[in-house]
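One file, input-v7.csv, carrying CSV, C-alpha atoms:
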```csv
chain,number,residue,atom,x,y,z
A,1,MET,CA,99.7,85.3,97.8
A,2,ASN,CA,97.4,87.4,99.9
A,3,LYS,CA,96.9,86.5,103.5
A,4,HIS,CA,93.8,84.5,103.0
A,5,ASP,CA,93.4,83.4,99.5
A,6,VAL,CA,93.6,79.6,99.9
A,7,PRO,CA,90.3,78.1,98.7
A,8,ILE,CA,88.7,75.2,100.5
A,9,GLY,CA,89.4,72.0,98.6
A,10,ALA,CA,92.7,73.3,97.1
A,11,THR,CA,95.6,70.9,96.8
A,12,VAL,CA,98.6,72.4,98.5
A,13,SER,CA,102.2,71.5,98.9
A,14,PHE,CA,104.3,72.1,101.9
A,15,ARG,CA,107.3,70.7,103.9
A,16,ILE,CA,107.6,69.0,107.2
A,17,ALA,CA,111.1,68.5,108.5
A,18,GLY,CA,112.4,69.3,105.0
A,19,ARG,CA,110.3,66.6,103.3
A,20,PRO,CA,107.7,67.6,100.7
A,21,PHE,CA,104.0,66.7,101.3
A,22,ALA,CA,100.8,67.4,99.4
A,23,GLY,CA,97.4,67.7,101.0
A,24,TRP,CA,94.2,69.4,100.6
A,25,VAL,CA,92.6,72.3,102.5
A,26,LEU,CA,89.6,71.1,104.6
A,27,GLN,CA,88.8,74.4,106.4
A,28,ASP,CA,89.8,78.0,106.7
A,29,ARG,CA,90.2,78.2,110.5
A,30,GLY,CA,89.9,82.0,110.2
A,31,PRO,CA,92.1,84.9,111.3
A,32,ILE,CA,93.1,83.2,114.6
A,33,GLY,CA,96.9,83.0,114.0
A,34,MET,CA,99.6,85.3,115.1
A,35,GLY,CA,98.9,88.9,114.1
A,36,GLY,CA,95.5,87.7,112.8
A,37,ARG,CA,96.8,85.5,110.0
A,38,HIS,CA,94.6,82.8,108.7
A,39,LEU,CA,95.3,79.2,109.5
A,40,TYR,CA,94.2,76.4,107.2
A,41,LEU,CA,93.4,72.9,108.2
A,42,VAL,CA,95.1,70.6,105.8
A,43,ARG,CA,94.7,66.8,105.4
A,44,TYR,CA,97.6,64.9,104.0
A,45,GLU,CA,98.9,61.4,103.6
A,46,VAL,CA,102.2,60.4,105.3
A,47,GLY,CA,103.0,57.3,103.3
A,48,ARG,CA,100.2,55.2,101.8
A,49,GLY,CA,97.2,55.0,104.1
A,50,ASN,CA,98.6,57.1,107.0
A,51,TRP,CA,96.4,60.2,107.1
A,52,ASN,CA,97.2,63.2,109.3
A,53,SER,CA,96.0,66.7,109.5
A,54,THR,CA,97.7,69.9,110.5
A,55,GLU,CA,97.2,73.6,110.4
A,56,LEU,CA,99.3,75.9,108.1
A,57,PRO,CA,99.6,79.6,107.6
A,58,VAL,CA,99.8,80.7,104.0
A,59,ASP,CA,103.5,81.5,104.2
A,60,GLU,CA,104.3,77.8,104.9
A,61,ILE,CA,102.4,76.7,101.8
A,62,GLU,CA,104.7,76.4,98.8
A,63,SER,CA,102.1,75.9,96.0
A,64,ILE,CA,98.3,76.0,95.7
A,65,GLU,CA,96.4,74.2,93.0
A,66,TYR,CA,92.7,74.7,92.8
A,67,LYS,CA,90.2,73.5,90.2
A,68,PRO,CA,86.9,75.1,90.9
A,69,MET,CA,84.3,72.4,91.9
A,70,SER,CA,81.0,72.0,90.2
A,71,ILE,CA,78.5,72.9,92.9
A,72,ARG,CA,76.0,70.6,91.2
A,73,LYS,CA,78.3,67.6,91.2
A,74,LYS,CA,79.4,68.4,94.8
A,75,ARG,CA,75.8,68.3,96.0
A,76,GLU,CA,75.1,65.2,93.9
A,77,VAL,CA,77.4,63.1,96.0
A,78,GLU,CA,76.7,64.7,99.4
A,79,TYR,CA,74.3,61.9,100.3
A,80,ILE,CA,77.1,59.4,100.3
A,81,ILE,CA,78.3,59.3,103.9
A,82,PRO,CA,80.6,57.0,105.7
A,83,VAL,CA,79.0,54.8,108.4
A,84,LYS,CA,80.9,53.2,111.2
A,85,ALA,CA,78.9,49.9,111.4
A,86,VAL,CA,79.7,47.1,113.7
A,87,GLU,CA,80.7,44.5,111.1
A,88,ALA,CA,82.4,46.8,108.6
A,89,HIS,CA,82.8,50.4,107.5
A,90,SER,CA,79.9,51.1,105.1
A,91,LEU,CA,78.4,53.5,102.6
A,92,PHE,CA,75.5,53.6,100.3
A,93,ALA,CA,75.7,54.9,96.7
A,94,ARG,CA,73.4,55.0,93.7
A,95,PRO,CA,74.5,52.9,90.7
A,96,GLU,CA,75.7,55.9,88.7
A,97,HIS,CA,78.1,56.8,91.5
A,98,ALA,CA,78.9,53.3,92.7
A,99,GLN,CA,80.9,52.4,89.6
A,100,PRO,CA,83.4,55.3,89.7
A,101,LEU,CA,83.7,55.0,93.4
A,102,ALA,CA,84.4,51.3,93.2
A,103,ASP,CA,87.1,52.0,90.6
A,104,PHE,CA,88.6,54.6,92.9
A,105,LEU,CA,88.7,52.3,95.9
A,106,ARG,CA,90.2,49.5,93.9
A,107,SER,CA,92.9,51.8,92.6
A,108,HIS,CA,93.8,52.5,96.2
A,109,ASP,CA,93.9,48.7,97.1
A,110,VAL,CA,90.9,49.0,99.4
A,111,PRO,CA,89.2,45.6,99.6
A,112,PHE,CA,85.4,45.8,99.8
A,113,THR,CA,82.2,43.8,99.0
A,114,GLU,CA,79.1,45.2,97.4
A,115,ASP,CA,75.5,44.4,98.2
A,116,LEU,CA,73.9,45.4,94.9
A,117,ASP,CA,70.3,46.0,95.9
A,118,ALA,CA,70.5,47.1,99.5
A,119,ILE,CA,68.1,50.0,100.0
A,120,GLN,CA,65.9,51.3,97.1
A,121,GLY,CA,68.4,50.4,94.5
A,122,GLU,CA,71.4,51.9,96.3
A,123,ILE,CA,74.5,49.8,96.5
A,124,ASN,CA,76.0,49.1,99.9
A,125,PHE,CA,79.8,49.0,100.1
A,126,LEU,CA,81.2,47.0,103.0
A,127,ILE,CA,84.8,47.8,103.7
A,128,ASP,CA,86.9,45.5,105.9
A,129,LYS,CA,87.7,47.5,109.0
A,130,ASN,CA,90.6,45.3,109.9
A,131,ILE,CA,92.4,46.2,106.6
A,132,THR,CA,91.3,49.8,106.1
A,133,PRO,CA,91.2,52.0,109.2
A,134,TRP,CA,88.2,54.4,109.6
A,135,GLU,CA,90.3,57.5,109.1
A,136,GLU,CA,91.7,56.2,105.9
A,137,PHE,CA,88.2,55.2,104.7
A,138,VAL,CA,86.8,58.7,105.4
A,139,ALA,CA,89.8,60.4,103.8
A,140,LEU,CA,89.5,58.3,100.7
A,141,LEU,CA,85.8,58.9,100.4
A,142,ASN,CA,86.3,62.7,100.7
A,143,GLU,CA,89.1,62.6,98.2
A,144,TRP,CA,86.9,60.7,95.7
A,145,LYS,CA,84.1,63.2,96.3
A,146,ARG,CA,86.5,66.1,95.7
A,147,GLN,CA,87.8,64.5,92.5
A,148,TYR,CA,84.2,63.8,91.3
A,149,ALA,CA,83.1,67.4,91.9
A,150,GLU,CA,86.2,68.7,90.1
A,151,GLY,CA,84.9,66.7,87.2
B,1,MET,CA,93.4,93.8,122.2
B,2,PRO,CA,92.7,90.3,123.6
B,3,SER,CA,93.5,87.1,121.7
B,4,ASN,CA,91.9,86.7,118.2
B,5,SER,CA,90.1,83.7,119.7
B,6,LEU,CA,88.4,85.8,122.4
B,7,LEU,CA,87.5,88.5,119.8
B,8,ARG,CA,85.8,85.8,117.8
B,9,TRP,CA,84.0,84.5,120.9
B,10,SER,CA,82.7,87.9,121.6
B,11,GLY,CA,81.9,88.6,117.9
B,12,GLU,CA,80.6,85.9,115.7
B,13,ARG,CA,80.2,83.2,118.3
B,14,THR,CA,78.2,85.6,120.5
B,15,ALA,CA,76.1,86.6,117.5
B,16,ALA,CA,75.2,82.9,116.8
B,17,LEU,CA,74.1,82.5,120.4
B,18,ASN,CA,72.1,85.7,120.2
B,19,GLU,CA,70.2,84.3,117.3
B,20,ILE,CA,68.9,81.5,119.5
B,21,GLU,CA,67.9,84.1,122.2
B,22,ALA,CA,66.0,85.9,119.4
B,23,ALA,CA,64.3,82.7,118.3
B,24,HIS,CA,63.2,82.1,121.9
B,25,ALA,CA,61.7,85.5,122.0
B,26,GLU,CA,59.9,84.9,118.7
B,27,VAL,CA,58.0,82.0,120.0
B,28,GLY,CA,55.0,83.8,121.4
B,29,GLY,CA,51.7,82.8,123.0
B,30,THR,CA,50.7,81.4,126.3
B,31,GLU,CA,49.2,78.0,125.4
B,32,ARG,CA,50.8,74.6,126.2
B,33,GLY,CA,52.5,74.3,122.8
B,34,ARG,CA,54.7,77.3,123.6
B,35,ARG,CA,56.2,75.6,126.6
B,36,TYR,CA,57.1,72.6,124.5
B,37,ALA,CA,58.6,74.8,121.7
B,38,THR,CA,60.6,76.9,124.1
B,39,GLN,CA,61.9,73.7,125.8
B,40,GLN,CA,63.3,72.5,122.5
B,41,ILE,CA,64.9,75.9,121.9
B,42,ASN,CA,66.5,75.9,125.3
B,43,ARG,CA,67.9,72.5,124.6
B,44,VAL,CA,69.3,73.6,121.2
B,45,TYR,CA,70.7,76.7,123.0
B,46,ALA,CA,72.6,74.5,125.5
B,47,VAL,CA,74.0,72.3,122.7
B,48,LEU,CA,75.0,75.3,120.6
B,49,LEU,CA,76.6,77.0,123.7
B,50,SER,CA,78.7,73.9,124.3
B,51,SER,CA,79.6,73.7,120.6
B,52,GLU,CA,80.7,77.4,120.4
B,53,PHE,CA,82.7,77.1,123.6
B,54,GLN,CA,84.5,74.1,122.2
B,55,GLY,CA,85.2,76.1,119.0
B,56,PHE,CA,86.6,78.9,121.2
B,57,GLY,CA,88.9,76.4,123.0
B,58,ARG,CA,90.1,75.0,119.6
B,59,ASP,CA,90.7,78.5,118.3
B,60,LEU,CA,92.7,79.5,121.4
B,61,TYR,CA,94.8,76.4,121.3
B,62,SER,CA,95.7,76.9,117.7
B,63,GLU,CA,96.4,80.6,118.3
B,64,CYS,CA,98.8,79.7,121.2
B,65,VAL,CA,100.5,77.0,119.2
B,66,ASP,CA,101.0,79.5,116.3
B,67,HIS,CA,102.8,81.8,118.7
B,68,VAL,CA,104.9,79.1,120.3
B,69,ILE,CA,105.9,77.7,116.9
B,70,ALA,CA,107.1,81.1,115.7
B,71,SER,CA,109.9,80.9,118.2
B,72,ALA,CA,111.2,77.6,116.8
B,73,PRO,CA,113.7,77.3,114.0
B,74,ALA,CA,112.0,77.8,110.7
B,75,HIS,CA,112.8,74.3,109.4
B,76,LEU,CA,111.2,72.7,112.5
B,77,GLN,CA,108.1,74.7,112.7
B,78,ALA,CA,105.8,72.5,110.6
B,79,LEU,CA,107.1,69.4,112.4
B,80,VAL,CA,106.5,70.9,115.8
B,81,ARG,CA,103.0,72.0,114.8
B,82,THR,CA,102.0,68.5,113.7
B,83,GLN,CA,103.0,67.3,117.2
B,84,PHE,CA,101.0,69.9,119.0
B,85,LEU,CA,98.0,69.1,116.8
B,86,TRP,CA,98.4,65.3,117.0
B,87,GLY,CA,95.2,63.6,118.1
B,88,GLN,CA,93.1,66.7,117.2
B,89,PRO,CA,92.9,68.5,120.5
B,90,PHE,CA,89.5,70.1,121.1
B,91,SER,CA,88.0,68.1,118.2
B,92,ARG,CA,87.3,64.9,120.1
B,93,GLY,CA,84.2,64.5,122.3
B,94,ASN,CA,82.9,67.4,124.3
B,95,PRO,CA,84.5,70.4,125.9
B,96,GLN,CA,84.7,68.6,129.3
B,97,ALA,CA,86.8,70.4,131.9
B,98,GLY,CA,89.2,67.5,132.1
B,99,ALA,CA,89.8,67.4,128.4
B,100,ILE,CA,90.3,71.2,128.3
B,101,GLY,CA,92.9,70.9,131.1
B,102,SER,CA,94.6,68.1,129.3
B,103,ASP,CA,94.7,69.8,125.9
B,104,PHE,CA,96.0,73.2,127.2
B,105,GLY,CA,98.3,71.3,129.5
B,106,ARG,CA,100.3,70.3,126.4
B,107,LEU,CA,101.5,73.9,126.4
B,108,GLY,CA,103.2,73.2,129.7
B,109,LEU,CA,101.0,74.7,132.4
B,110,PRO,CA,98.7,73.3,135.2
B,111,PHE,CA,95.8,74.8,133.4
B,112,TRP,CA,92.9,74.7,135.8
B,113,GLU,CA,95.0,75.7,138.8
B,114,ASP,CA,96.1,78.8,136.8
B,115,VAL,CA,92.5,79.5,135.8
B,116,TYR,CA,91.3,79.3,139.4
B,117,ALA,CA,94.1,81.7,140.4
B,118,VAL,CA,93.1,84.5,138.0
B,119,HIS,CA,89.6,85.0,139.3
B,120,ALA,CA,87.7,83.9,142.5
B,121,HIS,CA,84.6,82.9,140.5
B,122,ASN,CA,86.4,80.5,138.2
B,123,ARG,CA,86.0,77.4,140.3
B,124,ARG,CA,82.2,77.9,140.4
B,125,ARG,CA,82.3,78.7,136.6
B,126,ARG,CA,83.9,75.3,136.1
B,127,GLU,CA,81.2,73.6,138.1
B,128,LEU,CA,78.7,75.3,135.8
B,129,LEU,CA,80.6,74.1,132.8
B,130,ASP,CA,80.4,70.5,134.2
B,131,GLU,CA,76.6,71.0,134.7
B,132,LEU,CA,76.2,72.2,131.1
B,133,MET,CA,78.1,69.1,129.8
B,134,VAL,CA,75.8,66.8,131.7
B,135,TRP,CA,72.8,68.4,130.0
B,136,ARG,CA,74.5,68.6,126.7
B,137,ASN,CA,75.2,64.9,126.7
B,138,ALA,CA,71.7,64.0,127.9
B,139,ILE,CA,70.2,66.1,125.1
B,140,ALA,CA,72.5,64.9,122.4
B,141,HIS,CA,71.9,61.2,123.3
B,142,ASN,CA,68.3,61.6,124.4
B,143,ASP,CA,69.3,59.9,127.6
B,144,PHE,CA,68.0,61.7,130.7
B,145,ASP,CA,68.9,59.6,133.7
B,146,PRO,CA,65.9,60.0,136.1
B,147,ALA,CA,68.3,59.7,139.0
B,148,VAL,CA,70.0,62.9,137.7
B,149,PHE,CA,67.2,64.8,136.0
B,150,GLY,CA,64.1,63.6,137.8
B,151,PRO,CA,61.0,62.3,136.0
B,152,ASP,CA,60.4,65.4,133.9
B,153,PRO,CA,63.6,67.1,132.9
B,154,ILE,CA,62.9,70.7,132.1
B,155,LEU,CA,65.6,73.1,131.0
B,156,HIS,CA,64.8,76.7,131.7
B,157,LEU,CA,66.2,79.7,129.8
B,158,PRO,CA,67.7,81.4,132.9
B,159,GLN,CA,69.7,78.2,133.5
B,160,VAL,CA,71.2,78.4,130.0
B,161,ARG,CA,71.9,82.1,130.5
B,162,ARG,CA,73.7,81.3,133.7
B,163,TRP,CA,75.9,78.8,131.9
B,164,ARG,CA,76.6,81.3,129.1
B,165,SER,CA,77.6,83.9,131.7
B,166,ALA,CA,79.9,81.4,133.3
B,167,LEU,CA,81.5,80.5,130.0
B,168,ASN,CA,82.0,84.2,129.2
B,169,GLY,CA,84.0,84.5,132.4
B,170,LEU,CA,85.9,81.3,131.6
B,171,CYS,CA,86.8,82.5,128.1
B,172,SER,CA,88.3,85.7,129.5
B,173,GLY,CA,90.1,83.7,132.2
B,174,PHE,CA,91.6,81.3,129.6
B,175,ASP,CA,92.7,84.3,127.5
B,176,ARG,CA,94.5,85.8,130.6
B,177,VAL,CA,96.1,82.6,131.7
B,178,LEU,CA,97.5,81.7,128.3
B,179,ARG,CA,98.6,85.3,127.7
B,180,SER,CA,100.6,85.2,131.0
B,181,HIS,CA,102.0,81.7,130.3
B,182,LEU,CA,103.1,82.5,126.8
B,183,THR,CA,104.6,85.8,127.9
B,184,GLY,CA,106.7,83.8,130.4
B,185,ILE,CA,108.0,81.3,127.9
B,186,LEU,CA,108.3,83.5,124.8
B,187,GLY,CA,109.5,86.7,126.6
B,188,ALA,CA,106.9,88.9,125.0
B,189,ALA,CA,103.1,89.1,125.3
B,190,PRO,CA,101.4,87.3,122.4
B,191,TRP,CA,98.4,89.7,122.7
B,192,LEU,CA,97.4,92.6,125.0
B,193,SER,CA,95.2,92.2,128.0
```

Could you express the structure from this file as structure tokens?
Amino acid sequence: MNKHDVPIGATVSFRIAGRPFAGWVLQDRGPIGMGGRHLYLVRYEVGRGNWNSTELPVDEIESIEYKPMSIRKKREVEYIIPVKAVEAHSLFARPEHAQPLADFLRSHDVPFTEDLDAIQGEINFLIDKNITPWEEFVALLNEWKRQYAEG
Amino acid sequence: MPSNSLLRWSGERTAALNEIEAAHAEVGGTERGRRYATQQINRVYAVLLSSEFQGFGRDLYSECVDHVIASAPAHLQALVRTQFLWGQPFSRGNPQAGAIGSDFGRLGLPFWEDVYAVHAHNRRRRELLDELMVWRNAIAHNDFDPAVFGPDPILHLPQVRRWRSALNGLCSGFDRVLRSHLTGILGAAPWLS
């Protein structure tokens, strides 16, 4: 691997204290490491629902898997943003995105309710904040967007 | 060569700030509208300055951690790194002086005391950083307390330039302080002065 050839969005594997983890690259932090090496901000799950992030140089990354994203599909779901509302975590999605997103959240055991005609036909998802912490909600939404864009 | 973070501050971060300076110069004319437009640019400038300074702090912290970790046993490096990055230092809130001192303090130094010691101007520079933070928060939240800002809060370009000059000095100071601290604990200079 060259010193800075880890694409944003790539799934990477690495070890912490000898244990294997998988995560995905959120950001190339640039050539700020020792000797100008690039550091990558990586988001990963430590057991179900416990999300953490760290920075890694390329030589601590064991494998890189990257499916190029469809720019069109990536843009298509950019409008879906997590909202930290008082009563619940919330997001709005158009019907064509709401169904696959709902399936994804259910597959991760995230309880939610849907308001089917919230704003101009968009569906409002209300996620119980007592069960799903904000960080987990945001990480799951980003993961779904990534998978969607990878098609 | 200084730290990679300071190089970035004086390179791409400075270039971004210069673009705002250029935008200010582009807004010509003498009528009333110009005053309003430049006022908004000055406010954007202040917020961007705060943001780039926070980015510098985050870079420098990561760079220092990368050097410290290299001296740990290989099988512990990733574990130690996650501990240093726990709670996302420099990614929460604003680059308030207290938060900066607390985040760099994780590396084991009385940060601001060391910064004051490397240059006689640094105490005043910190005061200017505090002043910038007050403006930055008021702009970001559109909440100008009349008791602090008066009835008609106007931000002038020379004021933003004064803050920028102070932050330039602080960035160099941070670079020096951390270079000296890491040299002490690692036995070799992480970067040149």

I want to know what sits within 7 Å of range 125-135 of chain A, based on all atoms listed in the file, with residues of the same chain fewer than 6 positions away left out; could you give that as a count of residues only?
12

Considering only C-alpha atoms, return as a PDB file with C-alpha atoms, keeping the file's coordinate frame whatever protein or nucleic-acid residues lie within 12 Å of range 98-105 of chain B, sequence-local ones (same chain, fewer than 4 positions apart) excluded.
```
ATOM      1  CA  PHE B  53      82.700  77.100 123.600  1.00  0.00           C
ATOM      2  CA  GLN B  54      84.500  74.100 122.200  1.00  0.00           C
ATOM      3  CA  GLY B  55      85.200  76.100 119.000  1.00  0.00           C
ATOM      4  CA  PHE B  56      86.600  78.900 121.200  1.00  0.00           C
ATOM      5  CA  GLY B  57      88.900  76.400 123.000  1.00  0.00           C
ATOM      6  CA  ARG B  58      90.100  75.000 119.600  1.00  0.00           C
ATOM      7  CA  ASP B  59      90.700  78.500 118.300  1.00  0.00           C
ATOM      8  CA  LEU B  60      92.700  79.500 121.400  1.00  0.00           C
ATOM      9  CA  TYR B  61      94.800  76.400 121.300  1.00  0.00           C
ATOM     10  CA  SER B  62      95.700  76.900 117.700  1.00  0.00           C
ATOM     11  CA  GLU B  63      96.400  80.600 118.300  1.00  0.00           C
ATOM     12  CA  CYS B  64      98.800  79.700 121.200  1.00  0.00           C
ATOM     13  CA  VAL B  65     100.500  77.000 119.200  1.00  0.00           C
ATOM     14  CA  PHE B  84     101.000  69.900 119.000  1.00  0.00           C
ATOM     15  CA  LEU B  85      98.000  69.100 116.800  1.00  0.00           C
ATOM     16  CA  TRP B  86      98.400  65.300 117.000  1.00  0.00           C
ATOM     17  CA  GLY B  87      95.200  63.600 118.100  1.00  0.00           C
ATOM     18  CA  GLN B  88      93.100  66.700 117.200  1.00  0.00           C
ATOM     19  CA  PRO B  89      92.900  68.500 120.500  1.00  0.00           C
ATOM     20  CA  PHE B  90      89.500  70.100 121.100  1.00  0.00           C
ATOM     21  CA  SER B  91      88.000  68.100 118.200  1.00  0.00           C
ATOM     22  CA  ARG B  92      87.300  64.900 120.100  1.00  0.00           C
ATOM     23  CA  GLY B  93      84.200  64.500 122.300  1.00  0.00           C
ATOM     24  CA  ASN B  94      82.900  67.400 124.300  1.00  0.00           C
ATOM     25  CA  LEU B 109     101.000  74.700 132.400  1.00  0.00           C
ATOM     26  CA  PRO B 110      98.700  73.300 135.200  1.00  0.00           C
ATOM     27  CA  PHE B 111      95.800  74.800 133.400  1.00  0.00           C
ATOM     28  CA  TRP B 112      92.900  74.700 135.800  1.00  0.00           C
ATOM     29  CA  GLU B 113      95.000  75.700 138.800  1.00  0.00           C
ATOM     30  CA  ASP B 114      96.100  78.800 136.800  1.00  0.00           C
ATOM     31  CA  VAL B 115      92.500  79.500 135.800  1.00  0.00           C
ATOM     32  CA  TYR B 116      91.300  79.300 139.400  1.00  0.00           C
ATOM     33  CA  ARG B 126      83.900  75.300 136.100  1.00  0.00           C
ATOM     34  CA  GLU B 127      81.200  73.600 138.100  1.00  0.00           C
ATOM     35  CA  LEU B 129      80.600  74.100 132.800  1.00  0.00           C
ATOM     36  CA  ASP B 130      80.400  70.500 134.200  1.00  0.00           C
ATOM     37  CA  MET B 133      78.100  69.100 129.800  1.00  0.00           C
ATOM     38  CA  LEU B 170      85.900  81.300 131.600  1.00  0.00           C
ATOM     39  CA  CYS B 171      86.800  82.500 128.100  1.00  0.00           C
ATOM     40  CA  PHE B 174      91.600  81.300 129.600  1.00  0.00           C
ATOM     41  CA  ASP B 175      92.700  84.300 127.500  1.00  0.00           C
ATOM     42  CA  VAL B 177      96.100  82.600 131.700  1.00  0.00           C
ATOM     43  CA  LEU B 178      97.500  81.700 128.300  1.00  0.00           C
ATOM     44  CA  HIS B 181     102.000  81.700 130.300  1.00  0.00           C
ATOM     45  CA  LEU B 182     103.100  82.500 126.800  1.00  0.00           C
TER      46      LEU B 182
END
```

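Nearest to chain A of all the residues B:Trp9, B:Phe144, B:Trp135, B:Phe149 is B:Trp9, based on all atoms listed in the file.
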
Counting only C-alpha atoms, I want the residues whose atoms come within 12 Å of (86.5, 65.0, 98.8) in the file frame, returned as a VMD selection string.
chain A and resid 8 to 11 23 to 26 43 69 73 to 75 77 to 78 80 to 81 101 137 to 151

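CA of His156 in chain B sits 7.2 Å away from CA of Gln39 in chain B.
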
Counting all atoms listed in the file, a student should be able to say which residues of chain A come within 6 Å of chain B; what is the right answer, written as a VMD selection string?
chain A and resid 16 to 17 32 to 34 54

Residues of the last selection are to be written out with C-alpha atoms, as an mmCIF file, in the coordinates of the input.
```
data_model
loop_
_atom_site.group_PDB
_atom_site.id
_atom_site.type_symbol
_atom_site.label_atom_id
_atom_site.label_comp_id
_atom_site.auth_asym_id
_atom_site.auth_seq_id
_atom_site.Cartn_x
_atom_site.Cartn_y
_atom_site.Cartn_z
ATOM 1 C CA ILE A 16 107.600 69.000 107.200
ATOM 2 C CA ALA A 17 111.100 68.500 108.500
ATOM 3 C CA ILE A 32 93.100 83.200 114.600
ATOM 4 C CA GLY A 33 96.900 83.000 114.000
ATOM 5 C CA MET A 34 99.600 85.300 115.100
ATOM 6 C CA THR A 54 97.700 69.900 110.500
#
```

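You will find CA of Tyr66 in chain A at 14.6 Å from CA of Asp28 in chain A.
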
Restricting to only C-alpha atoms, whichever of B:Ser165, B:Ile154, B:Ile69, B:Asn142 is closest to Ile41 in chain B is B:Ile154

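In this structure, CA of Glu26 in chain B sits 13.0 Å away from CA of Asn42 in chain B.
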
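For His38 in chain A, the list of residues within 8 Å, based on all atoms listed in the file and with local chain neighbours fewer than 3 positions off taken out, reads Lys3, His4, Asp28, Arg29, Gly30, Pro31, Ile32, Gly33, Pro57 and Val58 of chain A.
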
With only C-alpha atoms as the counted atoms, please give the residues lying no more than 12 Å from Arg162 in chain B, apart from itself and same-chain residues fewer than 4 positions off, as a ChimeraX atom specification.
/B:46,49,124-125,127-129,131-132,155-158,166-169

Shell around Asp117 in chain A at 12 Å using all atoms listed in the file, local window under 6 positions removed, as a list of chain:residue names:
A:Phe92, A:Ala93, A:Arg94, A:Pro95, A:Ala98, A:Ile123, A:Asn124, A:Phe125

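Restricting the calculation to all atoms listed in the file, the smallest distance between Leu107 in chain B and any of B:Ile185, B:Asp152, B:Gly173, B:Met1 is found for B:Ile185.
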
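The shortest atom-to-atom distance to Gly47 in chain A, with all atoms listed in the file taken into account, belongs to A:Arg19 out of A:Gln99, A:Glu60, A:Tyr79, A:Arg19.
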
Starting from the incomplete input, reconstruct N, CA and C atoms of range 143-155 of chain B and write that as a PDB file, in the coordinates of the input.
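Ended up saving to part35.pdb:
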```pdb
ATOM      1  N   ASP B 143      69.120  60.870 126.510  1.00  0.00           N
ATOM      2  CA  ASP B 143      69.300  59.900 127.600  1.00  0.00           C
ATOM      3  C   ASP B 143      69.299  60.698 128.925  1.00  0.00           C
ATOM      4  N   PHE B 144      68.101  60.948 129.443  1.00  0.00           N
ATOM      5  CA  PHE B 144      68.000  61.700 130.700  1.00  0.00           C
ATOM      6  C   PHE B 144      67.806  60.729 131.846  1.00  0.00           C
ATOM      7  N   ASP B 145      68.875  60.496 132.528  1.00  0.00           N
ATOM      8  CA  ASP B 145      68.900  59.600 133.700  1.00  0.00           C
ATOM      9  C   ASP B 145      67.926  60.152 134.737  1.00  0.00           C
ATOM     10  N   PRO B 146      66.830  59.451 135.060  1.00  0.00           N
ATOM     11  CA  PRO B 146      65.900  60.000 136.100  1.00  0.00           C
ATOM     12  C   PRO B 146      66.567  60.255 137.412  1.00  0.00           C
ATOM     13  N   ALA B 147      67.622  59.510 137.696  1.00  0.00           N
ATOM     14  CA  ALA B 147      68.300  59.700 139.000  1.00  0.00           C
ATOM     15  C   ALA B 147      69.011  61.076 138.995  1.00  0.00           C
ATOM     16  N   VAL B 148      69.315  61.597 137.810  1.00  0.00           N
ATOM     17  CA  VAL B 148      70.000  62.900 137.700  1.00  0.00           C
ATOM     18  C   VAL B 148      69.021  64.016 137.441  1.00  0.00           C
ATOM     19  N   PHE B 149      68.113  63.762 136.507  1.00  0.00           N
ATOM     20  CA  PHE B 149      67.200  64.800 136.000  1.00  0.00           C
ATOM     21  C   PHE B 149      65.830  64.801 136.571  1.00  0.00           C
ATOM     22  N   GLY B 150      65.501  63.751 137.302  1.00  0.00           N
ATOM     23  CA  GLY B 150      64.100  63.600 137.800  1.00  0.00           C
ATOM     24  C   GLY B 150      63.227  63.077 136.680  1.00  0.00           C
ATOM     25  N   PRO B 151      61.937  62.925 136.981  1.00  0.00           N
ATOM     26  CA  PRO B 151      61.000  62.300 136.000  1.00  0.00           C
ATOM     27  C   PRO B 151      60.674  63.173 134.836  1.00  0.00           C
ATOM     28  N   ASP B 152      60.816  64.468 134.980  1.00  0.00           N
ATOM     29  CA  ASP B 152      60.400  65.400 133.900  1.00  0.00           C
ATOM     30  C   ASP B 152      61.426  66.473 133.711  1.00  0.00           C
ATOM     31  N   PRO B 153      62.484  66.148 132.984  1.00  0.00           N
ATOM     32  CA  PRO B 153      63.600  67.100 132.900  1.00  0.00           C
ATOM     33  C   PRO B 153      63.207  68.344 132.063  1.00  0.00           C
ATOM     34  N   ILE B 154      63.220  69.466 132.717  1.00  0.00           N
ATOM     35  CA  ILE B 154      62.900  70.700 132.100  1.00  0.00           C
ATOM     36  C   ILE B 154      64.120  71.646 132.152  1.00  0.00           C
ATOM     37  N   LEU B 155      64.499  72.185 131.014  1.00  0.00           N
ATOM     38  CA  LEU B 155      65.600  73.100 131.000  1.00  0.00           C
ATOM     39  C   LEU B 155      65.070  74.531 130.804  1.00  0.00           C
TER      40      LEU B 155
END
```
